[in-house]
$ cat final.cif   # mmCIF, C-alpha atoms
data_entry
#
loop_
_atom_site.group_PDB
_atom_site.id
_atom_site.type_symbol
_atom_site.label_atom_id
_atom_site.label_comp_id
_atom_site.auth_asym_id
_atom_site.auth_seq_id
_atom_site.Cartn_x
_atom_site.Cartn_y
_atom_site.Cartn_z
ATOM 1 C CA MET J 77 -13.348 15.854 1.584
ATOM 2 C CA LYS J 78 -14.025 14.381 -1.851
ATOM 3 C CA ALA J 79 -11.759 12.577 -4.291
ATOM 4 C CA ALA J 80 -12.337 12.395 -8.027
ATOM 5 C CA VAL J 81 -11.660 8.890 -9.328
ATOM 6 C CA VAL J 82 -11.190 9.278 -13.068
ATOM 7 C CA VAL J 83 -12.629 6.701 -15.456
ATOM 8 C CA PHE J 84 -11.152 6.329 -18.933
ATOM 9 C CA PRO J 85 -12.383 3.750 -21.453
ATOM 10 C CA GLY J 86 -10.529 0.668 -20.195
ATOM 11 C CA THR J 87 -10.041 1.774 -16.594
ATOM 12 C CA ASN J 88 -10.380 -0.908 -13.934
ATOM 13 C CA CYS J 89 -10.453 -1.083 -10.142
ATOM 14 C CA GLU J 90 -12.112 2.321 -9.980
ATOM 15 C CA HIS J 91 -14.920 0.974 -7.799
ATOM 16 C CA ASP J 92 -12.375 -0.653 -5.497
ATOM 17 C CA VAL J 93 -10.642 2.708 -5.110
ATOM 18 C CA VAL J 94 -13.943 4.452 -4.328
ATOM 19 C CA ARG J 95 -14.774 1.777 -1.781
ATOM 20 C CA VAL J 96 -11.437 2.036 0.018
ATOM 21 C CA ILE J 97 -11.407 5.837 0.097
ATOM 22 C CA THR J 98 -14.964 5.806 1.436
ATOM 23 C CA SER J 99 -13.988 3.281 4.102
ATOM 24 C CA LEU J 100 -11.216 5.658 5.161
ATOM 25 C CA GLY J 101 -13.724 8.391 5.924
ATOM 26 C CA ALA J 102 -13.635 10.536 2.783
ATOM 27 C CA GLU J 103 -15.972 10.758 -0.180
ATOM 28 C CA ALA J 104 -15.059 9.541 -3.638
ATOM 29 C CA GLU J 105 -16.872 9.969 -6.912
ATOM 30 C CA LEU J 106 -16.292 8.523 -10.370
ATOM 31 C CA VAL J 107 -15.562 11.174 -12.987
ATOM 32 C CA PHE J 108 -15.670 10.324 -16.692
ATOM 33 C CA HIS J 109 -12.602 11.368 -18.671
ATOM 34 C CA LYS J 110 -14.647 13.614 -20.981
ATOM 35 C CA GLN J 111 -15.411 15.942 -18.081
ATOM 36 C CA ASP J 112 -13.225 19.030 -18.226
ATOM 37 C CA SER J 113 -13.688 20.360 -14.707
ATOM 38 C CA LEU J 114 -12.786 18.968 -11.297
ATOM 39 C CA ALA J 115 -14.381 21.807 -9.344
ATOM 40 C CA GLY J 116 -15.421 20.746 -5.873
ATOM 41 C CA PHE J 117 -12.896 17.938 -5.541
ATOM 42 C CA ASP J 118 -10.044 17.910 -3.038
ATOM 43 C CA GLY J 119 -7.903 15.288 -4.725
ATOM 44 C CA VAL J 120 -7.640 13.095 -7.810
ATOM 45 C CA VAL J 121 -6.995 9.398 -8.355
ATOM 46 C CA LEU J 122 -6.110 8.002 -11.769
ATOM 47 C CA PRO J 123 -6.788 4.291 -11.266
ATOM 48 C CA GLY J 124 -5.348 1.280 -13.043
ATOM 49 C CA GLY J 125 -6.437 -0.466 -16.186
ATOM 50 C CA PHE J 126 -5.740 -0.084 -19.873
ATOM 51 C CA ALA J 127 -7.036 3.318 -20.869
ATOM 52 C CA HIS J 128 -7.802 3.460 -24.593
ATOM 53 C CA GLY J 129 -6.504 -0.097 -24.884
ATOM 54 C CA ASP J 130 -2.970 1.061 -24.092
ATOM 55 C CA TYR J 131 -2.742 1.760 -27.826
ATOM 56 C CA LEU J 132 0.456 3.440 -29.026
ATOM 57 C CA ARG J 133 1.919 3.517 -25.482
ATOM 58 C CA SER J 134 0.269 3.088 -22.097
ATOM 59 C CA GLY J 135 -1.246 6.421 -21.173
ATOM 60 C CA ALA J 136 -0.258 8.134 -24.437
ATOM 61 C CA ILE J 137 -3.814 8.804 -25.552
ATOM 62 C CA ALA J 138 -5.401 9.130 -22.108
ATOM 63 C CA ARG J 139 -3.147 12.064 -21.298
ATOM 64 C CA PHE J 140 -5.004 14.126 -23.900
ATOM 65 C CA SER J 141 -8.464 13.363 -22.507
ATOM 66 C CA PRO J 142 -10.384 16.533 -21.561
ATOM 67 C CA VAL J 143 -10.122 15.747 -17.843
ATOM 68 C CA MET J 144 -6.338 15.800 -17.961
ATOM 69 C CA ALA J 145 -6.184 19.602 -18.290
ATOM 70 C CA ALA J 146 -8.151 19.781 -15.031
ATOM 71 C CA VAL J 147 -5.864 17.161 -13.460
ATOM 72 C CA GLY J 148 -2.858 19.304 -14.433
ATOM 73 C CA ALA J 149 -4.529 22.372 -12.955
ATOM 74 C CA ALA J 150 -5.294 20.489 -9.718
ATOM 75 C CA ALA J 151 -1.656 19.384 -9.551
ATOM 76 C CA ARG J 152 -0.424 22.949 -10.009
ATOM 77 C CA LYS J 153 -2.796 24.106 -7.281
ATOM 78 C CA GLY J 154 -1.159 21.649 -4.903
ATOM 79 C CA LEU J 155 -4.049 19.217 -4.592
ATOM 80 C CA PRO J 156 -3.073 15.592 -4.085
ATOM 81 C CA VAL J 157 -3.002 13.660 -7.355
ATOM 82 C CA ILE J 158 -2.123 9.976 -7.414
ATOM 83 C CA GLY J 159 -1.774 7.469 -10.215
ATOM 84 C CA ILE J 160 -2.043 3.737 -9.699
ATOM 85 C CA CYS J 161 -0.532 1.440 -12.344
ATOM 86 C CA ASN J 162 -2.056 2.750 -15.599
ATOM 87 C CA GLY J 163 -2.660 6.009 -13.737
ATOM 88 C CA PHE J 164 1.077 6.218 -13.021
ATOM 89 C CA GLN J 165 1.783 5.634 -16.719
ATOM 90 C CA ILE J 166 -0.660 8.407 -17.632
ATOM 91 C CA LEU J 167 0.962 10.866 -15.178
ATOM 92 C CA CYS J 168 4.374 10.097 -16.713
ATOM 93 C CA GLU J 169 3.073 10.536 -20.261
ATOM 94 C CA ALA J 170 1.474 13.813 -19.190
ATOM 95 C CA GLY J 171 4.807 15.042 -17.845
ATOM 96 C CA LEU J 172 3.375 15.426 -14.338
ATOM 97 C CA LEU J 173 5.852 12.785 -13.168
ATOM 98 C CA PRO J 174 9.305 12.067 -14.611
ATOM 99 C CA GLY J 175 10.338 8.935 -16.507
ATOM 100 C CA ALA J 176 8.386 6.314 -18.402
ATOM 101 C CA LEU J 177 7.123 2.773 -17.938
ATOM 102 C CA ILE J 178 8.392 0.285 -20.526
ATOM 103 C CA PRO J 179 7.617 -3.429 -20.984
ATOM 104 C CA ASN J 180 8.711 -5.708 -18.154
ATOM 105 C CA ARG J 181 12.251 -7.043 -18.433
ATOM 106 C CA ASP J 182 11.068 -10.591 -19.129
ATOM 107 C CA LEU J 183 8.316 -9.456 -21.513
ATOM 108 C CA ARG J 184 5.692 -11.177 -19.394
ATOM 109 C CA PHE J 185 2.635 -9.772 -17.721
ATOM 110 C CA ILE J 186 3.264 -9.855 -13.963
ATOM 111 C CA CYS J 187 0.337 -10.487 -11.638
ATOM 112 C CA LYS J 188 1.499 -11.259 -8.114
ATOM 113 C CA PRO J 189 1.988 -9.699 -4.698
ATOM 114 C CA VAL J 190 5.315 -7.900 -4.341
ATOM 115 C CA ASP J 191 7.083 -6.364 -1.371
ATOM 116 C CA LEU J 192 7.674 -2.627 -1.396
ATOM 117 C CA ILE J 193 9.876 -0.611 0.915
ATOM 118 C CA VAL J 194 8.914 2.946 1.779
ATOM 119 C CA ARG J 195 11.833 5.166 0.763
ATOM 120 C CA SER J 196 10.381 8.589 1.416
ATOM 121 C CA THR J 197 7.387 9.967 3.263
ATOM 122 C CA ASN J 198 7.494 13.293 1.409
ATOM 123 C CA SER J 199 4.552 12.461 -0.802
ATOM 124 C CA VAL J 200 0.788 12.285 -0.765
ATOM 125 C CA LEU J 201 1.020 8.490 -1.042
ATOM 126 C CA THR J 202 3.424 7.876 1.818
ATOM 127 C CA ARG J 203 2.987 10.681 4.350
ATOM 128 C CA ALA J 204 1.132 8.411 6.821
ATOM 129 C CA LEU J 205 3.884 5.766 6.639
ATOM 130 C CA THR J 206 7.421 5.433 7.961
ATOM 131 C CA VAL J 207 10.610 5.106 5.940
ATOM 132 C CA GLY J 208 11.601 1.452 5.945
ATOM 133 C CA ASP J 209 8.046 0.094 6.203
ATOM 134 C CA ILE J 210 7.576 -3.007 4.079
ATOM 135 C CA LEU J 211 4.254 -3.323 2.260
ATOM 136 C CA ARG J 212 2.905 -6.337 0.389
ATOM 137 C CA VAL J 213 0.843 -5.085 -2.535
ATOM 138 C CA PRO J 214 -0.168 -6.785 -5.818
ATOM 139 C CA LEU J 215 1.577 -5.834 -9.033
ATOM 140 C CA ASN J 216 -0.532 -6.283 -12.145
ATOM 141 C CA SER J 217 1.137 -4.935 -15.262
ATOM 142 C CA TYR J 218 3.007 -5.595 -18.481
ATOM 143 C CA GLU J 219 4.522 -2.127 -18.851
ATOM 144 C CA GLY J 220 5.684 -1.619 -15.295
ATOM 145 C CA ASN J 221 9.409 -1.319 -15.849
ATOM 146 C CA TYR J 222 10.355 2.160 -14.652
ATOM 147 C CA PHE J 223 12.847 3.952 -16.866
ATOM 148 C CA ALA J 224 14.515 7.337 -16.622
ATOM 149 C CA ALA J 225 17.912 8.575 -17.784
ATOM 150 C CA PRO J 226 20.695 8.017 -15.219
ATOM 151 C CA GLU J 227 20.923 11.749 -14.380
ATOM 152 C CA ALA J 228 17.177 11.865 -13.812
ATOM 153 C CA LEU J 229 17.415 8.818 -11.545
ATOM 154 C CA ASP J 230 20.224 10.478 -9.565
ATOM 155 C CA GLU J 231 18.113 13.569 -9.126
ATOM 156 C CA LEU J 232 15.100 11.553 -7.986
ATOM 157 C CA GLU J 233 17.197 9.738 -5.409
ATOM 158 C CA ASP J 234 19.077 12.847 -4.257
ATOM 159 C CA ARG J 235 15.863 14.799 -3.767
ATOM 160 C CA ASP J 236 14.037 12.083 -1.879
ATOM 161 C CA ARG J 237 11.536 11.612 -4.681
ATOM 162 C CA VAL J 238 11.708 7.827 -4.922
ATOM 163 C CA ILE J 239 8.874 6.971 -2.554
ATOM 164 C CA LEU J 240 8.592 3.199 -2.996
ATOM 165 C CA ALA J 241 10.993 0.507 -4.207
ATOM 166 C CA TYR J 242 10.702 -3.218 -4.824
ATOM 167 C CA VAL J 243 12.537 -5.135 -2.124
ATOM 168 C CA ASP J 244 13.425 -8.822 -2.368
ATOM 169 C CA ALA J 245 13.386 -11.441 0.395
ATOM 170 C CA ASP J 246 16.951 -10.508 1.374
ATOM 171 C CA GLY J 247 16.056 -6.857 1.743
ATOM 172 C CA LYS J 248 17.836 -5.937 -1.456
ATOM 173 C CA VAL J 249 16.711 -3.135 -3.756
ATOM 174 C CA SER J 250 18.169 -3.026 -7.268
ATOM 175 C CA THR J 251 17.340 -3.103 -10.957
ATOM 176 C CA ALA J 252 18.235 -6.789 -11.088
ATOM 177 C CA SER J 253 16.208 -7.800 -8.046
ATOM 178 C CA SER J 254 13.092 -5.878 -9.046
ATOM 179 C CA PRO J 255 10.371 -8.111 -10.507
ATOM 180 C CA ASN J 256 10.034 -6.134 -13.747
ATOM 181 C CA GLY J 257 13.500 -4.663 -14.307
ATOM 182 C CA SER J 258 12.638 -1.217 -12.954
ATOM 183 C CA ALA J 259 15.633 1.103 -12.784
ATOM 184 C CA ARG J 260 17.134 1.003 -9.291
ATOM 185 C CA GLY J 261 14.088 -0.952 -8.160
ATOM 186 C CA ILE J 262 11.808 2.074 -8.364
ATOM 187 C CA ALA J 263 8.118 1.260 -7.816
ATOM 188 C CA GLY J 264 6.816 4.774 -7.129
ATOM 189 C CA VAL J 265 7.948 8.384 -7.472
ATOM 190 C CA THR J 266 6.676 11.830 -6.633
ATOM 191 C CA ASN J 267 7.018 15.286 -8.174
ATOM 192 C CA GLU J 268 9.185 18.089 -6.780
ATOM 193 C CA VAL J 269 6.675 19.275 -4.219
ATOM 194 C CA GLY J 270 5.270 15.871 -3.308
ATOM 195 C CA ASN J 271 1.621 16.422 -4.242
ATOM 196 C CA VAL J 272 1.679 14.256 -7.372
ATOM 197 C CA ALA J 273 2.707 10.641 -6.924
ATOM 198 C CA GLY J 274 2.449 7.378 -8.808
ATOM 199 C CA LEU J 275 3.114 3.718 -8.195
ATOM 200 C CA MET J 276 2.808 0.563 -10.277
ATOM 201 C CA PRO J 277 1.324 -1.843 -7.673
ATOM 202 C CA HIS J 278 -2.361 -1.648 -6.719
ATOM 203 C CA PRO J 279 -2.917 -0.521 -3.104
ATOM 204 C CA GLU J 280 -6.711 -0.888 -3.401
ATOM 205 C CA ARG J 281 -6.188 -4.602 -3.991
ATOM 206 C CA ALA J 282 -4.426 -4.903 -0.639
ATOM 207 C CA SER J 283 -7.122 -3.310 1.452
ATOM 208 C CA ALA J 284 -8.792 -6.168 3.331
ATOM 209 C CA GLU J 285 -7.716 -9.354 5.089
ATOM 210 C CA VAL J 286 -9.789 -11.375 2.655
ATOM 211 C CA LEU J 287 -7.592 -10.049 -0.162
ATOM 212 C CA GLY J 288 -4.462 -11.338 1.550
ATOM 213 C CA SER J 289 -3.061 -8.001 2.673
ATOM 214 C CA THR J 290 -4.154 -4.710 4.151
ATOM 215 C CA ASP J 291 -0.847 -3.014 3.416
ATOM 216 C CA GLY J 292 -2.346 -0.846 0.699
ATOM 217 C CA LEU J 293 -4.481 0.988 3.229
ATOM 218 C CA GLY J 294 -1.595 3.069 4.540
ATOM 219 C CA LEU J 295 -0.922 4.388 1.046
ATOM 220 C CA LEU J 296 -4.534 5.394 0.455
ATOM 221 C CA ARG J 297 -4.821 6.717 4.012
ATOM 222 C CA SER J 298 -1.887 8.978 3.150
ATOM 223 C CA PHE J 299 -3.830 10.240 0.144
ATOM 224 C CA VAL J 300 -6.963 10.878 2.230
ATOM 225 C CA ALA J 301 -4.916 12.691 4.889
ATOM 226 C CA SER J 302 -3.332 14.784 2.138
ATOM 227 C CA MET J 303 -6.743 15.907 0.915
ATOM 228 C CA GLU J 304 -7.472 17.193 4.414
ATOM 229 C CA HIS J 305 -4.182 19.065 4.562
ATOM 230 C CA ALA J 306 -4.522 20.509 1.054
ATOM 231 C CA ASN J 307 -7.832 21.991 2.080
ATOM 232 C CA VAL J 308 -6.541 23.764 5.169
ATOM 233 C CA MET X 220 1.363 13.486 -49.201
ATOM 234 C CA ARG X 221 2.464 10.380 -47.417
ATOM 235 C CA PHE X 222 5.085 10.049 -44.741
ATOM 236 C CA ARG X 223 6.521 7.143 -42.855
ATOM 237 C CA VAL X 224 7.363 7.706 -39.220
ATOM 238 C CA GLU X 225 9.728 5.181 -37.669
ATOM 239 C CA VAL X 226 9.667 5.199 -33.880
ATOM 240 C CA ARG X 227 12.497 3.323 -32.197
ATOM 241 C CA ARG X 228 13.608 2.599 -28.672
ATOM 242 C CA ALA X 229 16.267 5.201 -27.813
ATOM 243 C CA ASP X 230 19.838 4.204 -27.041
ATOM 244 C CA GLY X 231 20.195 3.191 -23.435
ATOM 245 C CA VAL X 232 16.640 1.900 -23.115
ATOM 246 C CA SER X 233 16.660 -1.869 -22.742
ATOM 247 C CA ASP X 234 14.972 -3.968 -25.403
ATOM 248 C CA PRO X 235 14.961 -7.635 -24.352
ATOM 249 C CA GLU X 236 13.420 -8.782 -27.617
ATOM 250 C CA ALA X 237 16.125 -7.145 -29.715
ATOM 251 C CA ARG X 238 18.809 -8.512 -27.399
ATOM 252 C CA THR X 239 17.453 -12.052 -27.731
ATOM 253 C CA VAL X 240 17.184 -11.880 -31.518
ATOM 254 C CA LEU X 241 20.719 -10.453 -31.695
ATOM 255 C CA GLY X 242 21.914 -13.481 -29.719
ATOM 256 C CA ALA X 243 20.140 -15.792 -32.159
ATOM 257 C CA LEU X 244 21.745 -14.033 -35.149
ATOM 258 C CA LYS X 245 25.176 -14.490 -33.547
ATOM 259 C CA ASP X 246 24.387 -18.158 -32.972
ATOM 260 C CA LEU X 247 23.684 -18.422 -36.696
ATOM 261 C CA GLY X 248 27.149 -17.078 -37.433
ATOM 262 C CA PHE X 249 26.334 -13.429 -38.185
ATOM 263 C CA ASP X 250 29.207 -12.233 -36.045
ATOM 264 C CA GLU X 251 29.379 -8.911 -37.869
ATOM 265 C CA VAL X 252 26.044 -7.742 -36.419
ATOM 266 C CA ARG X 253 26.606 -5.133 -33.725
ATOM 267 C CA GLY X 254 23.019 -4.605 -32.775
ATOM 268 C CA ILE X 255 19.464 -4.632 -33.982
ATOM 269 C CA GLY X 256 16.546 -2.470 -33.090
ATOM 270 C CA PHE X 257 12.840 -3.018 -33.350
ATOM 271 C CA GLY X 258 10.553 -0.139 -33.996
ATOM 272 C CA ARG X 259 7.092 0.854 -34.931
ATOM 273 C CA SER X 260 6.311 2.084 -38.399
ATOM 274 C CA ILE X 261 3.461 4.553 -38.799
ATOM 275 C CA GLU X 262 2.254 5.801 -42.173
ATOM 276 C CA VAL X 263 0.692 9.220 -42.178
ATOM 277 C CA ASP X 264 -1.428 10.293 -45.144
ATOM 278 C CA MET X 265 -1.847 14.069 -45.308
ATOM 279 C CA VAL X 266 -3.784 16.502 -47.460
ATOM 280 C CA ASP X 267 -1.427 18.838 -49.341
ATOM 281 C CA VAL X 268 -0.204 21.565 -47.014
ATOM 282 C CA ASP X 269 3.013 23.573 -47.223
ATOM 283 C CA ASP X 270 4.306 22.627 -43.811
ATOM 284 C CA ALA X 271 3.328 18.947 -43.930
ATOM 285 C CA GLU X 272 6.633 17.592 -42.695
ATOM 286 C CA ALA X 273 6.731 20.096 -39.858
ATOM 287 C CA ARG X 274 3.222 19.040 -38.899
ATOM 288 C CA VAL X 275 4.244 15.381 -38.895
ATOM 289 C CA ARG X 276 7.202 16.299 -36.690
ATOM 290 C CA GLU X 277 4.812 18.046 -34.325
ATOM 291 C CA MET X 278 2.661 14.897 -34.238
ATOM 292 C CA CYS X 279 5.727 12.898 -33.241
ATOM 293 C CA ASP X 280 6.723 15.378 -30.551
ATOM 294 C CA ARG X 281 3.259 15.514 -29.053
ATOM 295 C CA LEU X 282 1.905 11.993 -29.437
ATOM 296 C CA LEU X 283 3.542 9.452 -31.723
ATOM 297 C CA ALA X 284 6.841 9.204 -29.811
ATOM 298 C CA ASN X 285 7.809 9.623 -26.176
ATOM 299 C CA PRO X 286 11.146 11.466 -26.023
ATOM 300 C CA VAL X 287 12.000 9.844 -22.685
ATOM 301 C CA ILE X 288 12.322 6.418 -24.303
ATOM 302 C CA GLU X 289 12.053 6.801 -28.068
ATOM 303 C CA ASP X 290 13.659 8.378 -31.140
ATOM 304 C CA PHE X 291 11.914 8.889 -34.440
ATOM 305 C CA THR X 292 12.676 9.527 -38.106
ATOM 306 C CA ILE X 293 10.349 10.898 -40.779
ATOM 307 C CA THR X 294 10.544 9.876 -44.454
ATOM 308 C CA ARG X 295 8.475 11.329 -47.295
ATOM 309 C CA LEU X 296 7.111 8.421 -49.314
ATOM 310 C CA ASP X 297 5.624 9.949 -52.451
ATOM 311 C CA GLN X 298 8.045 12.460 -53.951
#

$ encode --input "final.cif" --output "structure tokens"
Amino acid sequence: MKAAVVVFPGTNCEHDVVRVITSLGAEAELVFHKQDSLAGFDGVVLPGGFAHGDYLRSGAIARFSPVMAAVGAAARKGLPVIGICNGFQILCEAGLLPGALIPNRDLRFICKPVDLIVRSTNSVLTRALTVGDILRVPLNSYEGNYFAAPEALDELEDRDRVILAYVDADGKVSTASSPNGSARGIAGVTNEVGNVAGLMPHPERASAEVLGSTDGLGLLRSFVASMEHANV
Amino acid sequence: MRFRVEVRRADGVSDPEARTVLGALKDLGFDEVRGIGFGRSIEVDMVDVDDAEARVREMCDRLLANPVIEDFTITRLDQ
């Protein structure tokens, strides 16, 4: 079982992702964005960072990197594909996930742990979790404010495609109570069949006690488990 | 052939900066202002081709603007 962890110019945390996936019993290998084949891989991670400097829009240029055609093909084949932070932005720009990430409501870069509630387990990021689980995972982004048209948001909610939402100390989920202004508190979504998923917070940064939380492990364990299932 | 592409936040997409500046304009007494919008201006310099404007439109559709959150207009600058 081997995951491709894609590296764009400006990617970060890719080594952290490799380390966590490896610790969960799978293999993971860095793949440069100029590579146009993902043959031999069972899943794909687009990590965080600032691919191509986030010029124009976050993910706008990265989505045209040679590797993205192979990522699209892997997604269509049903392999698990996840995007973390900048990776989520890239998947949205590529049209593999709906919506877009716009600047945070308060126009400030947010770097802090946030609480997420698991809304759906029908995705490669949440299948090993339980609806209602609360996870503390760091958010580290300026353009993390999830936007989609109201009809698109309704469809996401109706079809169980909102996988993670920001939850405040009172257990409330809403646009207003989300740290960055995300529509309806959305922190992560999945595609129609659940094999492509993205989230703004960084699960790999919540993967050891020394980091203050191990709550990100369940998300990446879900991804690893999905690679096993996709291969069956 | 030169074109100016103006990319703007689409209606319904929040723009805190524009909202704040609008508030400041109202504070200054410009009560007649209904709204303001910030955008990005991109100048595109093209070699002479027959379908230049269509090509610029294609650039907008594919890369320069994101239809989920942005609108764009194209203006020819040198005719």

$ atom_distance --input "final.cif" --atom1 "CA of Val240 (chain X)" --atom2 "CA of Phe291 (chain X)"
21.6 Å

$ closest_atom_pairs --input "final.cif" --of "chain J" --to "chain X" --cutoff "7 Å" --atoms "all atoms listed in the file" --output "Markdown table"
| residue | atom | partner | partner_atom | distance |
| --- | --- | --- | --- | --- |
| J:Ala136 | CA | X:Leu282 | CA | 6.7 |
| J:Gly175 | CA | X:Val287 | CA | 6.5 |
| J:Ala176 | CA | X:Val287 | CA | 6.6 |
| J:Arg181 | CA | X:Pro235 | CA | 6.5 |

$ resolve_selection --input "final.cif" --expression "the PyMOL selection byres ((chain J and resi 275-281) around 7)" --output "list in words"
Asp92, Val93, Val96, Gly159, Ile160, Cys161, Phe164, Val213, Pro214, Leu215, Asn216, Gly220, Ala263, Gly264, Val265, Gly274, Ala282, Ser283, Leu287, Gly292, Leu293 and Leu295 of chain J

$ closest_residue --input "final.cif" --among "J:Arg133, J:Lys78, J:Lys110, J:Lys248" --to "Leu177 (chain J)" --atoms "only C-alpha atoms"
J:Arg133

$ residues_near_point --input "final.cif" --point "(11.6, 9.6, -43.2)" --cutoff "12 Å" --atoms "all atoms listed in the file" --output "list in words"
Arg221, Phe222, Arg223, Val224, Glu225, Val226, Ser260, Ile261, Glu262, Val263, Glu272, Val275, Arg276, Phe291, Thr292, Ile293, Thr294, Arg295, Leu296, Asp297 and Gln298 of chain X

$ atom_distance --input "final.cif" --atom1 "CA of Arg212 (chain J)" --atom2 "CA of Pro156 (chain J)"
23.2 Å

$ atom_distance --input "final.cif" --atom1 "CA of Ala225 (chain J)" --atom2 "CA of Ala229 (chain X)"
10.7 Å

$ residues_near_point --input "final.cif" --point "(-8.9, 9.8, -9.4)" --cutoff "6 Å" --atoms "only C-alpha atoms" --output "list in words"
Ala80, Val81, Val82, Val120, Val121 and Leu122 of chain J

$ closest_residue --input "final.cif" --among "J:Gly270, J:Tyr222, J:Asp191, J:Glu231" --to "Val243 (chain J)" --atoms "only C-alpha atoms"
J:Asp191

$ resolve_selection --input "final.cif" --expression "the PyMOL selection byres ((chain J and resi 218) around 7)" --output "PyMOL selection string"
chain J and resi 179-180+184-186+217+219-220

$ axis_aligned_box --input "final.cif" --around "region 231-248 of chain J" --padding-each-side "6 Å" --output "lines of an AutoDock Vina configuration file"
center_x = 13.8
center_y = 1.7
center_z = -3.7
size_x = 22.5
size_y = 38.2
size_z = 22.9

$ residues_around --input "final.cif" --residues "region 102-106 of chain J" --least-positions-apart "6" --cutoff "12 Å" --atoms "only C-alpha atoms" --output "PyMOL selection string"
chain J and resi 77-84+87-96+114+116-123+296-304

$ closest_residue --input "final.cif" --among "X:Met278, X:Val266, X:Gly258, X:Thr239" --to "Asp290 (chain X)" --atoms "all atoms listed in the file"
X:Gly258

$ closest_residue --input "final.cif" --among "J:Leu183, J:Ile239, J:Leu132, J:Ala228" --to "Thr266 (chain J)" --atoms "only C-alpha atoms"
J:Ile239

$ resolve_selection --input "final.cif" --expression "the PyMOL selection byres ((chain J and resi 141-145) around 6)" --output "list of chain:residue names"
J:His109, J:Lys110, J:Gln111, J:Asp112, J:Ala138, J:Arg139, J:Phe140, J:Ala146, J:Val147, J:Gly148

$ closest_residue --input "final.cif" --among "J:Asp182, J:Asp230, J:Asp244, J:Asp291" --to "Gly257 (chain J)" --atoms "all atoms listed in the file"
J:Asp182

$ build_atoms --input "final.cif" --residues "region 239-243 of chain X" --atoms "all heavy atoms" --output "compact mmCIF listing (two decimals), keeping the file's coordinate frame"
# COMPACT_ATOMS: atom_id res chain seq x y z
N THR X 239 17.60 -10.61 -27.52
CA THR X 239 17.45 -12.05 -27.73
C THR X 239 17.63 -12.41 -29.20
O THR X 239 18.32 -13.39 -29.54
CB THR X 239 16.06 -12.51 -27.24
OG1 THR X 239 15.92 -12.10 -25.88
CG2 THR X 239 15.91 -14.01 -27.32
N VAL X 240 17.05 -11.60 -30.09
CA VAL X 240 17.18 -11.88 -31.52
C VAL X 240 18.64 -11.67 -31.95
O VAL X 240 19.17 -12.45 -32.76
CB VAL X 240 16.21 -10.99 -32.33
CG1 VAL X 240 16.45 -11.18 -33.82
CG2 VAL X 240 14.77 -11.34 -31.97
N LEU X 241 19.30 -10.67 -31.39
CA LEU X 241 20.72 -10.45 -31.70
C LEU X 241 21.52 -11.70 -31.32
O LEU X 241 22.38 -12.16 -32.08
CB LEU X 241 21.23 -9.23 -30.92
CG LEU X 241 22.73 -8.93 -31.06
CD1 LEU X 241 23.08 -8.58 -32.50
CD2 LEU X 241 23.13 -7.78 -30.13
N GLY X 242 21.22 -12.26 -30.16
CA GLY X 242 21.91 -13.48 -29.72
C GLY X 242 21.69 -14.62 -30.70
O GLY X 242 22.62 -15.37 -31.05
N ALA X 243 20.46 -14.72 -31.20
CA ALA X 243 20.14 -15.79 -32.16
C ALA X 243 20.89 -15.58 -33.47
O ALA X 243 21.39 -16.53 -34.09
CB ALA X 243 18.63 -15.84 -32.39
